[in-house]
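As provided, input.csv (CSV, C-alpha atoms) reads as follows.
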chain,number,residue,atom,x,y,z
A,1,MET,CA,-14.7,-13.8,-1.0
A,2,ALA,CA,-14.4,-16.6,1.5
A,3,GLY,CA,-11.4,-18.9,1.5
A,4,ASN,CA,-13.5,-21.8,0.2
A,5,SER,CA,-14.5,-20.1,-3.0
A,6,ARG,CA,-15.2,-22.5,-5.9
A,7,THR,CA,-12.8,-20.6,-8.1
A,8,ASP,CA,-9.4,-20.2,-6.7
A,9,VAL,CA,-7.8,-16.8,-7.5
A,10,VAL,CA,-4.0,-17.0,-7.6
A,11,ILE,CA,-1.1,-14.6,-7.8
A,12,VAL,CA,1.4,-15.6,-10.5
A,13,ASP,CA,3.8,-12.7,-10.1
A,14,ALA,CA,4.2,-9.5,-8.1
A,15,ILE,CA,6.7,-6.7,-8.6
A,16,ARG,CA,7.3,-3.1,-7.6
A,17,THR,CA,9.6,-0.3,-8.5
A,18,PRO,CA,12.2,1.1,-6.1
A,19,SER,CA,10.9,3.7,-3.8
A,20,GLY,CA,12.0,7.1,-4.8
A,21,ARG,CA,11.9,10.2,-2.7
A,22,GLY,CA,8.8,12.2,-3.8
A,23,LYS,CA,10.5,15.5,-4.3
A,24,ALA,CA,12.7,17.3,-6.8
A,25,GLY,CA,15.9,15.4,-7.1
A,26,GLY,CA,14.4,12.1,-6.1
A,27,ALA,CA,15.6,9.0,-8.0
A,28,LEU,CA,12.3,8.7,-10.0
A,29,ALA,CA,11.3,12.3,-10.1
A,30,ASP,CA,12.3,12.7,-13.7
A,31,VAL,CA,10.1,9.8,-14.8
A,32,HIS,CA,6.5,10.6,-15.9
A,33,PRO,CA,4.1,8.5,-13.8
A,34,VAL,CA,2.7,6.8,-17.0
A,35,ASP,CA,6.2,5.8,-18.0
A,36,LEU,CA,6.9,4.6,-14.5
A,37,LEU,CA,3.9,2.3,-14.5
A,38,SER,CA,4.5,1.4,-18.2
A,39,GLN,CA,7.9,0.0,-17.4
A,40,THR,CA,6.4,-2.0,-14.5
A,41,LEU,CA,3.6,-3.5,-16.6
A,42,GLN,CA,6.1,-4.4,-19.4
A,43,THR,CA,8.4,-6.1,-16.9
A,44,LEU,CA,5.5,-8.0,-15.3
A,45,LEU,CA,4.4,-9.5,-18.7
A,46,GLU,CA,8.0,-10.2,-19.8
A,47,ARG,CA,8.5,-12.3,-16.7
A,48,SER,CA,5.6,-14.6,-17.6
A,49,PRO,CA,6.1,-15.2,-21.3
A,50,ALA,CA,3.5,-18.0,-21.3
A,51,VAL,CA,0.9,-15.3,-20.9
A,52,ASP,CA,-0.3,-13.7,-24.1
A,53,PRO,CA,-0.8,-10.0,-23.2
A,54,GLY,CA,-3.8,-10.0,-25.5
A,55,THR,CA,-5.6,-12.4,-23.3
A,56,VAL,CA,-5.5,-10.1,-20.3
A,57,ASP,CA,-9.2,-9.3,-19.5
A,58,ASP,CA,-8.6,-6.0,-17.6
A,59,VAL,CA,-6.0,-3.8,-16.1
A,60,ILE,CA,-7.1,-2.3,-12.8
A,61,VAL,CA,-4.8,0.5,-11.4
A,62,GLY,CA,-5.0,2.4,-8.2
A,63,CYS,CA,-4.1,6.1,-8.3
A,64,VAL,CA,-5.1,8.7,-5.7
A,65,SER,CA,-4.3,12.1,-7.3
A,66,GLN,CA,-5.9,11.7,-10.6
A,67,VAL,CA,-5.0,15.1,-11.9
A,68,GLY,CA,-2.4,16.5,-14.2
A,69,GLU,CA,0.0,13.8,-15.4
A,70,GLN,CA,-2.1,11.2,-13.7
A,71,SER,CA,-5.5,12.3,-15.1
A,72,ALA,CA,-5.9,10.3,-18.3
A,73,THR,CA,-6.5,6.9,-16.9
A,74,PRO,CA,-2.9,6.1,-16.2
A,75,GLY,CA,-3.3,2.4,-16.4
A,76,ARG,CA,-4.6,2.6,-19.9
A,77,MET,CA,-1.9,5.0,-21.0
A,78,ALA,CA,0.8,2.9,-19.3
A,79,TRP,CA,-0.5,-0.3,-21.1
A,80,LEU,CA,-0.3,1.5,-24.4
A,81,GLY,CA,3.1,3.0,-23.6
A,82,ALA,CA,4.4,-0.5,-22.9
A,83,GLY,CA,3.5,-1.5,-26.5
A,84,LEU,CA,0.8,-3.9,-25.3
A,85,PRO,CA,-2.3,-4.8,-27.3
A,86,PRO,CA,-4.7,-1.8,-27.5
A,87,HIS,CA,-7.9,-4.0,-27.3
A,88,VAL,CA,-7.1,-4.7,-23.6
A,89,PRO,CA,-9.1,-2.2,-21.4
A,90,ALA,CA,-8.0,-0.5,-18.2
A,91,THR,CA,-9.6,1.4,-15.4
A,92,THR,CA,-8.4,3.6,-12.5
A,93,ILE,CA,-9.7,3.4,-9.0
A,94,ASP,CA,-9.3,5.5,-5.9
A,95,ARG,CA,-9.8,4.0,-2.4
A,96,LYS,CA,-7.2,6.4,-1.1
A,97,CYS,CA,-4.2,4.6,0.4
A,98,GLY,CA,-5.7,1.3,-0.3
A,99,SER,CA,-6.3,1.9,-4.0
A,100,SER,CA,-4.0,-0.8,-5.4
A,101,GLN,CA,-5.0,-3.3,-2.7
A,102,GLN,CA,-8.6,-2.7,-3.8
A,103,ALA,CA,-7.4,-3.2,-7.4
A,104,VAL,CA,-6.3,-6.7,-6.3
A,105,HIS,CA,-9.7,-7.2,-4.6
A,106,PHE,CA,-11.6,-6.2,-7.8
A,107,ALA,CA,-9.4,-8.4,-9.9
A,108,ALA,CA,-10.1,-11.4,-7.5
A,109,GLN,CA,-13.8,-10.7,-7.5
A,110,ALA,CA,-13.9,-10.6,-11.3
A,111,ILE,CA,-12.0,-13.9,-11.6
A,112,ALA,CA,-14.0,-15.6,-8.8
A,113,SER,CA,-17.3,-14.7,-10.4
A,114,GLY,CA,-16.1,-16.1,-13.8
A,115,GLU,CA,-16.2,-12.8,-15.5
A,116,ALA,CA,-12.4,-12.7,-16.1
A,117,ASP,CA,-9.6,-15.2,-16.2
A,118,VAL,CA,-6.5,-13.0,-16.3
A,119,VAL,CA,-6.2,-9.5,-14.7
A,120,VAL,CA,-3.3,-7.2,-14.0
A,121,ALA,CA,-3.8,-5.2,-10.8
A,122,GLY,CA,-1.5,-2.5,-9.6
A,123,GLY,CA,-1.0,1.1,-8.8
A,124,VAL,CA,1.1,4.3,-9.4
A,125,GLU,CA,1.8,7.6,-7.7
A,126,SER,CA,4.4,10.1,-8.6
A,127,MET,CA,4.2,12.4,-5.6
A,128,SER,CA,7.1,14.5,-6.8
A,129,ARG,CA,5.3,15.4,-10.0
A,130,VAL,CA,1.6,15.4,-8.9
A,131,VAL,CA,1.5,16.9,-5.4
A,132,MET,CA,-0.6,15.2,-2.8
A,133,GLY,CA,-4.0,16.9,-2.5
A,134,SER,CA,-3.6,18.7,-5.8
A,135,ALA,CA,-6.9,17.2,-7.1
A,136,ARG,CA,-8.7,19.4,-4.6
A,137,MET,CA,-7.3,22.6,-5.8
A,138,GLY,CA,-8.4,24.4,-2.7
A,139,ALA,CA,-12.0,23.1,-2.9
A,140,ASP,CA,-14.1,22.0,0.0
A,141,PRO,CA,-14.4,18.1,-0.4
A,142,TYR,CA,-17.0,17.7,2.3
A,143,GLY,CA,-20.1,19.7,1.5
A,144,VAL,CA,-22.7,21.1,4.0
A,145,ARG,CA,-24.1,17.8,5.2
A,146,VAL,CA,-20.9,16.2,6.2
A,147,ALA,CA,-19.8,19.5,7.9
A,148,GLU,CA,-23.0,19.6,9.9
A,149,ARG,CA,-22.9,15.9,10.9
A,150,PHE,CA,-19.3,16.0,12.1
A,151,ALA,CA,-19.1,19.6,13.4
A,152,PRO,CA,-16.8,21.2,14.4
A,153,GLY,CA,-15.2,19.3,11.5
A,154,LEU,CA,-13.2,16.4,10.3
A,155,VAL,CA,-9.4,16.7,10.5
A,156,SER,CA,-6.3,15.8,8.5
A,157,GLN,CA,-4.7,12.4,8.6
A,158,GLY,CA,-1.8,13.9,10.6
A,159,VAL,CA,-4.2,15.1,13.3
A,160,ALA,CA,-6.0,11.8,13.2
A,161,ALA,CA,-2.7,10.1,13.9
A,162,GLU,CA,-2.3,12.3,16.9
A,163,LEU,CA,-5.8,11.3,18.1
A,164,VAL,CA,-4.9,7.6,17.7
A,165,ALA,CA,-1.7,8.1,19.7
A,166,ALA,CA,-3.8,9.9,22.5
A,167,ARG,CA,-6.5,7.2,22.5
A,168,TRP,CA,-4.0,4.4,22.9
A,169,LYS,CA,-1.7,6.5,25.2
A,170,LEU,CA,1.3,6.1,22.9
A,171,SER,CA,4.3,8.2,23.8
A,172,ARG,CA,6.6,10.2,21.5
A,173,THR,CA,9.4,7.7,22.3
A,174,GLU,CA,7.3,4.7,21.3
A,175,LEU,CA,6.5,6.4,17.9
A,176,ASP,CA,10.1,7.2,17.3
A,177,GLU,CA,11.2,3.7,18.3
A,178,LEU,CA,8.9,2.1,15.8
A,179,SER,CA,10.3,4.5,13.1
A,180,VAL,CA,13.9,3.4,13.9
A,181,ARG,CA,12.8,-0.2,13.7
A,182,SER,CA,11.2,0.4,10.3
A,183,HIS,CA,14.5,1.8,8.9
A,184,ASP,CA,16.7,-0.8,10.5
A,185,LEU,CA,14.6,-3.7,9.2
A,186,ALA,CA,14.4,-2.2,5.7
A,187,ALA,CA,18.1,-1.6,5.6
A,188,ALA,CA,18.8,-5.2,6.8
A,189,ALA,CA,16.4,-6.5,4.1
A,190,GLN,CA,18.1,-4.5,1.4
A,191,ASP,CA,21.5,-5.5,2.5
A,192,SER,CA,20.6,-9.2,2.6
A,193,GLY,CA,19.1,-9.1,-0.9
A,194,ALA,CA,15.6,-9.8,0.3
A,195,PHE,CA,14.2,-7.1,-2.0
A,196,ASP,CA,16.1,-8.1,-5.1
A,197,ARG,CA,13.4,-10.4,-6.5
A,198,GLU,CA,10.6,-8.0,-6.0
A,199,VAL,CA,12.2,-4.7,-7.1
A,200,ILE,CA,12.6,-4.0,-10.8
A,201,THR,CA,15.1,-1.7,-12.5
A,202,VAL,CA,13.6,1.5,-13.7
A,203,GLN,CA,15.2,3.4,-16.5
A,204,THR,CA,15.4,7.2,-15.8
A,205,PRO,CA,17.0,10.1,-17.7
A,206,SER,CA,19.9,9.9,-15.2
A,207,GLY,CA,20.4,6.1,-15.6
A,208,PRO,CA,18.9,2.9,-14.1
A,209,VAL,CA,17.5,2.8,-10.6
A,210,SER,CA,17.1,-0.5,-8.8
A,211,ARG,CA,17.3,0.2,-5.1
A,212,ASP,CA,15.0,2.0,-2.6
A,213,GLU,CA,16.5,5.4,-1.8
A,214,THR,CA,14.1,6.2,1.1
A,215,ILE,CA,15.8,4.1,3.8
A,216,ARG,CA,17.6,6.2,6.4
A,217,ARG,CA,20.6,4.3,7.8
A,218,GLY,CA,21.8,5.1,11.3
A,219,SER,CA,18.5,6.5,12.4
A,220,SER,CA,18.1,6.8,16.2
A,221,VAL,CA,15.5,7.8,18.8
A,222,GLU,CA,17.8,10.6,19.9
A,223,LYS,CA,18.0,12.1,16.4
A,224,LEU,CA,14.2,11.7,15.8
A,225,ALA,CA,13.5,13.4,19.1
A,226,GLU,CA,15.0,16.6,17.7
A,227,LEU,CA,12.2,16.9,15.1
A,228,LYS,CA,9.2,19.1,15.8
A,229,ALA,CA,5.6,18.0,15.8
A,230,VAL,CA,4.1,19.2,12.5
A,231,PHE,CA,0.3,19.3,13.0
A,232,GLU,CA,-0.1,21.4,16.1
A,233,THR,CA,-2.0,24.7,15.9
A,234,PRO,CA,-3.5,26.8,18.7
A,235,GLU,CA,-7.0,26.1,17.5
A,236,LEU,CA,-6.5,22.3,17.4
A,237,SER,CA,-4.7,22.3,20.8
A,238,GLU,CA,-7.8,24.0,22.3
A,239,ARG,CA,-10.1,21.5,20.6
A,240,PHE,CA,-8.1,18.4,21.5
A,241,PRO,CA,-6.4,19.0,24.8
A,242,GLU,CA,-5.7,15.3,25.2
A,243,ILE,CA,-3.2,15.4,22.3
A,244,ASP,CA,0.5,15.6,23.3
A,245,TRP,CA,1.5,16.5,19.7
A,246,SER,CA,4.1,13.8,18.8
A,247,VAL,CA,3.7,13.2,15.1
A,248,THR,CA,6.7,14.3,13.1
A,249,ALA,CA,8.2,13.9,9.7
A,250,GLY,CA,10.4,11.2,11.2
A,251,ASN,CA,7.6,9.0,12.5
A,252,SER,CA,5.3,9.4,9.5
A,253,SER,CA,5.4,7.7,6.1
A,254,GLN,CA,7.5,9.3,3.4
A,255,ILE,CA,6.1,11.0,0.3
A,256,THR,CA,7.3,8.8,-2.4
A,257,ASP,CA,7.3,7.9,-6.1
A,258,GLY,CA,6.5,4.4,-7.1
A,259,ALA,CA,4.5,1.8,-9.0
A,260,SER,CA,3.5,-1.9,-8.4
A,261,ALA,CA,1.8,-4.6,-10.4
A,262,LEU,CA,0.5,-8.1,-9.8
A,263,LEU,CA,-0.5,-10.8,-12.3
A,264,VAL,CA,-3.7,-12.4,-11.0
A,265,MET,CA,-5.6,-15.3,-12.6
A,266,SER,CA,-7.8,-18.3,-12.0
A,267,ARG,CA,-5.9,-21.4,-10.9
A,268,GLU,CA,-7.4,-23.2,-13.8
A,269,ARG,CA,-5.9,-20.7,-16.3
A,270,ALA,CA,-2.5,-20.8,-14.6
A,271,GLU,CA,-2.5,-24.6,-14.9
A,272,GLN,CA,-3.5,-24.4,-18.6
A,273,LEU,CA,-0.5,-22.1,-19.2
A,274,GLY,CA,1.9,-24.2,-17.2
A,275,LEU,CA,2.4,-21.5,-14.7
A,276,THR,CA,3.1,-22.2,-11.0
A,277,PRO,CA,0.8,-20.0,-8.8
A,278,ARG,CA,2.7,-18.4,-5.9
A,279,ALA,CA,-0.2,-17.6,-3.7
A,280,ARG,CA,-4.0,-17.6,-3.6
A,281,VAL,CA,-6.2,-14.8,-2.5
A,282,HIS,CA,-7.7,-16.5,0.5
A,283,SER,CA,-10.1,-13.9,2.0
A,284,MET,CA,-10.9,-10.2,1.6
A,285,ALA,CA,-12.7,-7.5,3.5
A,286,VAL,CA,-13.2,-3.8,3.5
A,287,VAL,CA,-14.7,-1.7,6.3
A,288,GLY,CA,-15.6,1.8,7.3
A,289,ASP,CA,-14.7,3.2,10.7
A,290,ASP,CA,-14.7,6.4,12.6
A,291,PRO,CA,-14.0,9.2,10.1
A,292,LEU,CA,-12.5,11.5,12.8
A,293,LEU,CA,-10.0,9.0,14.1
A,294,MET,CA,-9.8,7.9,10.4
A,295,LEU,CA,-6.8,5.5,10.8
A,296,THR,CA,-8.3,2.8,13.1
A,297,GLY,CA,-10.0,0.8,10.3
A,298,PRO,CA,-7.4,-1.9,10.2
A,299,ILE,CA,-8.6,-3.1,13.7
A,300,PRO,CA,-12.2,-4.0,12.7
A,301,ALA,CA,-10.9,-5.0,9.2
A,302,THR,CA,-8.7,-7.6,10.9
A,303,HIS,CA,-11.6,-9.1,12.9
A,304,LYS,CA,-13.8,-9.2,9.7
A,305,VAL,CA,-11.3,-10.8,7.4
A,306,LEU,CA,-10.3,-13.4,10.0
A,307,ALA,CA,-13.9,-14.3,10.6
A,308,ARG,CA,-14.5,-14.7,6.8
A,309,ALA,CA,-11.3,-16.8,6.5
A,310,GLY,CA,-12.1,-19.1,9.4
A,311,LEU,CA,-8.7,-18.3,10.9
A,312,THR,CA,-7.4,-16.7,14.0
A,313,ILE,CA,-4.6,-14.2,14.5
A,314,ASP,CA,-2.4,-17.1,15.6
A,315,ASP,CA,-2.6,-18.6,12.1
A,316,ILE,CA,-1.1,-15.5,10.5
A,317,ASP,CA,2.6,-15.8,9.8
A,318,HIS,CA,3.3,-12.3,8.4
A,319,VAL,CA,1.4,-9.0,8.7
A,320,GLU,CA,1.9,-6.0,6.4
A,321,LEU,CA,0.2,-3.0,7.9
A,322,ASN,CA,0.8,0.3,6.2
A,323,GLU,CA,2.9,2.6,8.4
A,324,ALA,CA,1.0,5.7,7.4
A,325,PHE,CA,2.0,7.0,10.8
A,326,ALA,CA,3.7,5.2,13.6
A,327,SER,CA,0.6,5.3,15.8
A,328,VAL,CA,-1.3,3.1,13.4
A,329,PRO,CA,0.6,-0.2,13.8
A,330,LEU,CA,1.2,0.5,17.5
A,331,ALA,CA,-2.5,0.9,18.1
A,332,TRP,CA,-3.2,-2.3,16.1
A,333,LEU,CA,-0.6,-4.2,18.1
A,334,ALA,CA,-2.3,-3.1,21.3
A,335,GLU,CA,-5.5,-4.8,20.1
A,336,PHE,CA,-4.1,-8.2,18.9
A,337,ASP,CA,-2.1,-10.8,20.8
A,338,ILE,CA,0.6,-11.4,18.2
A,339,ASP,CA,4.4,-11.5,18.2
A,340,PRO,CA,5.4,-8.0,17.0
A,341,ALA,CA,8.2,-9.6,15.0
A,342,ARG,CA,5.5,-10.8,12.6
A,343,LEU,CA,4.5,-7.2,11.8
A,344,ASN,CA,6.3,-5.5,8.9
A,345,PRO,CA,9.4,-7.6,9.3
A,346,ARG,CA,11.1,-6.0,6.3
A,347,GLY,CA,10.2,-2.4,7.4
A,348,GLY,CA,7.2,-0.4,6.4
A,349,ALA,CA,6.2,2.9,4.8
A,350,ILE,CA,8.2,5.0,7.3
A,351,ALA,CA,11.3,3.5,5.7
A,352,LEU,CA,10.1,2.4,2.3
A,353,GLY,CA,7.7,5.3,1.5
A,354,HIS,CA,4.1,5.6,0.7
A,355,ALA,CA,3.4,6.2,-3.0
A,356,LEU,CA,-0.3,6.4,-2.3
A,357,GLY,CA,-1.8,4.6,-5.3
A,358,ALA,CA,1.0,2.0,-5.5
A,359,SER,CA,1.3,1.2,-1.8
A,360,GLY,CA,-1.3,-1.6,-1.6
A,361,GLY,CA,0.5,-3.5,-4.4
A,362,ARG,CA,3.9,-2.8,-2.8
A,363,LEU,CA,2.9,-4.2,0.5
A,364,MET,CA,1.4,-7.4,-1.1
A,365,THR,CA,4.5,-7.8,-3.2
A,366,THR,CA,6.8,-7.6,-0.2
A,367,MET,CA,4.6,-9.9,1.8
A,368,LEU,CA,4.5,-12.6,-0.9
A,369,HIS,CA,8.2,-12.7,-1.3
A,370,ALA,CA,8.8,-12.8,2.5
A,371,LEU,CA,6.3,-15.7,2.8
A,372,GLU,CA,8.3,-17.6,0.2
A,373,ASP,CA,11.7,-16.8,1.7
A,374,ASN,CA,10.6,-17.9,5.1
A,375,ASP,CA,8.5,-20.9,4.1
A,376,GLN,CA,5.4,-19.4,5.7
A,377,ARG,CA,1.8,-19.9,4.8
A,378,PHE,CA,-0.6,-17.1,5.6
A,379,GLY,CA,-0.1,-13.3,5.2
A,380,LEU,CA,-2.4,-10.6,6.3
A,381,GLN,CA,-2.3,-7.2,4.6
A,382,LEU,CA,-4.0,-4.1,6.1
A,383,MET,CA,-4.3,-0.6,4.9
A,384,CYS,CA,-5.8,2.4,6.7
A,385,GLU,CA,-7.5,4.9,4.4
A,386,ALA,CA,-8.7,8.5,4.3
A,387,GLY,CA,-12.3,9.0,5.4
A,388,GLY,CA,-12.0,6.2,8.0
A,389,MET,CA,-11.8,3.0,5.8
A,390,ALA,CA,-9.6,0.0,5.6
A,391,ASN,CA,-8.9,-2.9,3.3
A,392,ALA,CA,-7.8,-6.4,4.6
A,393,THR,CA,-6.5,-9.2,2.5
A,394,ILE,CA,-5.3,-12.7,3.5
A,395,ILE,CA,-3.1,-14.5,1.0
A,396,GLU,CA,-2.0,-18.1,1.3
A,397,ARG,CA,1.4,-19.1,-0.1
A,398,LEU,CA,1.2,-22.1,-2.4
Encoding of this model in structure tokens:
Amino acid sequence: MAGNSRTDVVIVDAIRTPSGRGKAGGALADVHPVDLLSQTLQTLLERSPAVDPGTVDDVIVGCVSQVGEQSATPGRMAWLGAGLPPHVPATTIDRKCGSSQQAVHFAAQAIASGEADVVVAGGVESMSRVVMGSARMGADPYGVRVAERFAPGLVSQGVAAELVAARWKLSRTELDELSVRSHDLAAAAQDSGAFDREVITVQTPSGPVSRDETIRRGSSVEKLAELKAVFETPELSERFPEIDWSVTAGNSSQITDGASALLVMSRERAEQLGLTPRARVHSMAVVGDDPLLMLTGPIPATHKVLARAGLTIDDIDHVELNEAFASVPLAWLAEFDIDPARLNPRGGAIALGHALGASGGRLMTTMLHALEDNDQRFGLQLMCEAGGMANATIIERL
């Protein structure tokens, strides 16, 4: 959708849960993913009482591991669990790490086309309860033809992150420095109250949770340097001699539990309801890129969405690029002439976690609030995705 679309699609509200460590003992680990998302949807609608929940046309939810507790269309179950009208439908989508960003895209496309007026878009992932990759259950996800085309084989995202670091000649120190930056910025944002408006309180069996628990204070390059690279094997070292093996748990995104939700509608409907739109969805793009490097999609996605928007990188005030691995934002920065201070200024997934299906909504929520707090206009959100894809979204604060 170009920025001059006849039907303006606006964001009325955007919220997220705190980020909980995605393992046993994590702050949100005792909350069923449906209940986590249910609380998020309920809070979203309660914050906009002018919206009759029965007038919502669709609920579009991103979720990557759609198995076990996340297998029964979690958006539908969460809507019902929130006590909301059962005649409102829901669907679950999977564009890997960009799933809930794609949910916003689908919502915007439905509204821009006139097929919907009000859509809830969001995502959920409980990585402590539904283990990443569990949907595969040991199965081969590629088949014979993909294996033949990309012989001797595609690689995991961690190895792809190593290949990106090698391609852009990024050192271990640079990766670790970005990780420290992420934690420091997230800690500063949390301490200043910058996250307070976007983070809801989640009720858990152990009590309420209202703060991200993934931020590591006092992180340093020296401490991170002690961690071992986690993806090296003799076979991979022989296949990729250019890799220095620098990707560690410390310079990668954290496995996390979380949910996010946005209330999206046409500007006309917002005005009818007396609501003040906070931003409009200006432009959107999605691309495919090299499936071996896998994580480079945000680079062509940026070029594509800027061209659609009729903007340049200089027009962008705030960039949210998912820190799946530290090499991803560093490679992107090497390709674009932009002040690094504009990139993830409140920290990224290395500090705030990467609850796969919820991350797209989390990034957009953080970006919207930061644009408001800093009186800025344009925000660009980018998400690298498994299989070599990427989503890009430009929003304009109103």
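For the pair atom CA of A:Leu295 and atom CA of A:Glu148, the interatomic distance is 21.5 Å.
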Please produce, as a tab-separated table, a per-residue contact table for stretch 313-333 of chain A versus stretch 77-97 of chain A (criterion: any atom at most 12 Å away, only C-alpha atoms considered), showing the nearest atom pair and its distance in Å to one decimal, sorted by chain then residue number.
residue	atom	partner	partner_atom	distance
A:Leu321	CA	A:Cys97	CA	11.5
A:Asn322	CA	A:Cys97	CA	8.8
A:Glu323	CA	A:Cys97	CA	10.9
A:Ala324	CA	A:Cys97	CA	8.8
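Distances here use only C-alpha atoms; by that measure, the residue among A:Met389, A:Ala103, A:Leu28, A:Ala186 closest to A:Ala121 is A:Ala103.
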Exercise for the section: For atom CA of A:Gly158 and atom CA of A:Ser327, quote the distance in Å rounded to one decimal. Expected result: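 For atom CA of A:Gly158 relative to atom CA of A:Ser327, the distance reads 10.3 Å.
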Practice task
Within 9 Å of stretch 61-64 of chain A, counting only C-alpha atoms, which residues show up once you throw out same-chain ones fewer than 5 positions away? Write them as a count of residues only, please.
Solution key: 35
Problem - Computed interatomic separation between atom CA of A:Ala390 and atom CA of A:Thr40 (Å) - result: 25.8 Å
Practice task
Could you tell me which of A:Arg16, A:Lys228, A:Lys23, A:Arg181 comes closest to A:Ser126 if we count only C-alpha atoms?
Solution key: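 Comparing A:Arg16, A:Lys228, A:Lys23, A:Arg181 against A:Ser126, the winner is A:Lys23.
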Exercise for the section: Step by step: start from the point (-13.0, 9.0, 9.2) in the file's coordinates, keep every protein, DNA or RNA residue that has an atom no farther than 12 Å from it, count only C-alpha atoms, and write the set as a PyMOL selection string. Expected result: chain A and resi 142+146+150+153-157+159-161+163-164+287-297+384-390
Practice task
Give me the residues within 7 Å of A:Gly353 as a list in words, counting only C-alpha atoms and dropping any in the same chain fewer than 5 places off.
Solution key: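 Selected residues are Ser19, Thr214, Ser253, Gln254, Ile255 and Thr256 of chain A.
Of the residues under consideration (A:Val319, A:Ala108, A:Leu236, A:Val230), A:Val319 shows the shortest atom-to-atom contact distance to A:Met383 when counting all atoms listed in the file.
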Practice task
Using only C-alpha atoms, pick whichever of A:Asp375, A:Gly114, A:Gly274, A:Asn251 has the shortest atom-to-atom distance to A:Pro49.
Solution key: A:Gly274
Practice task
Tell me which of A:Glu162, A:Leu41, A:Asp257, A:Val119 sits closest to A:Pro241, counting all atoms listed in the file.
Solution key: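 Closest residue, counting all atoms listed in the file: A:Glu162.
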Completion exercise
Counting only C-alpha atoms, closest pick from A:Ala27, A:Leu363, A:Ala307, A:Ala166 relative to A:Gln203 is A:Ala27
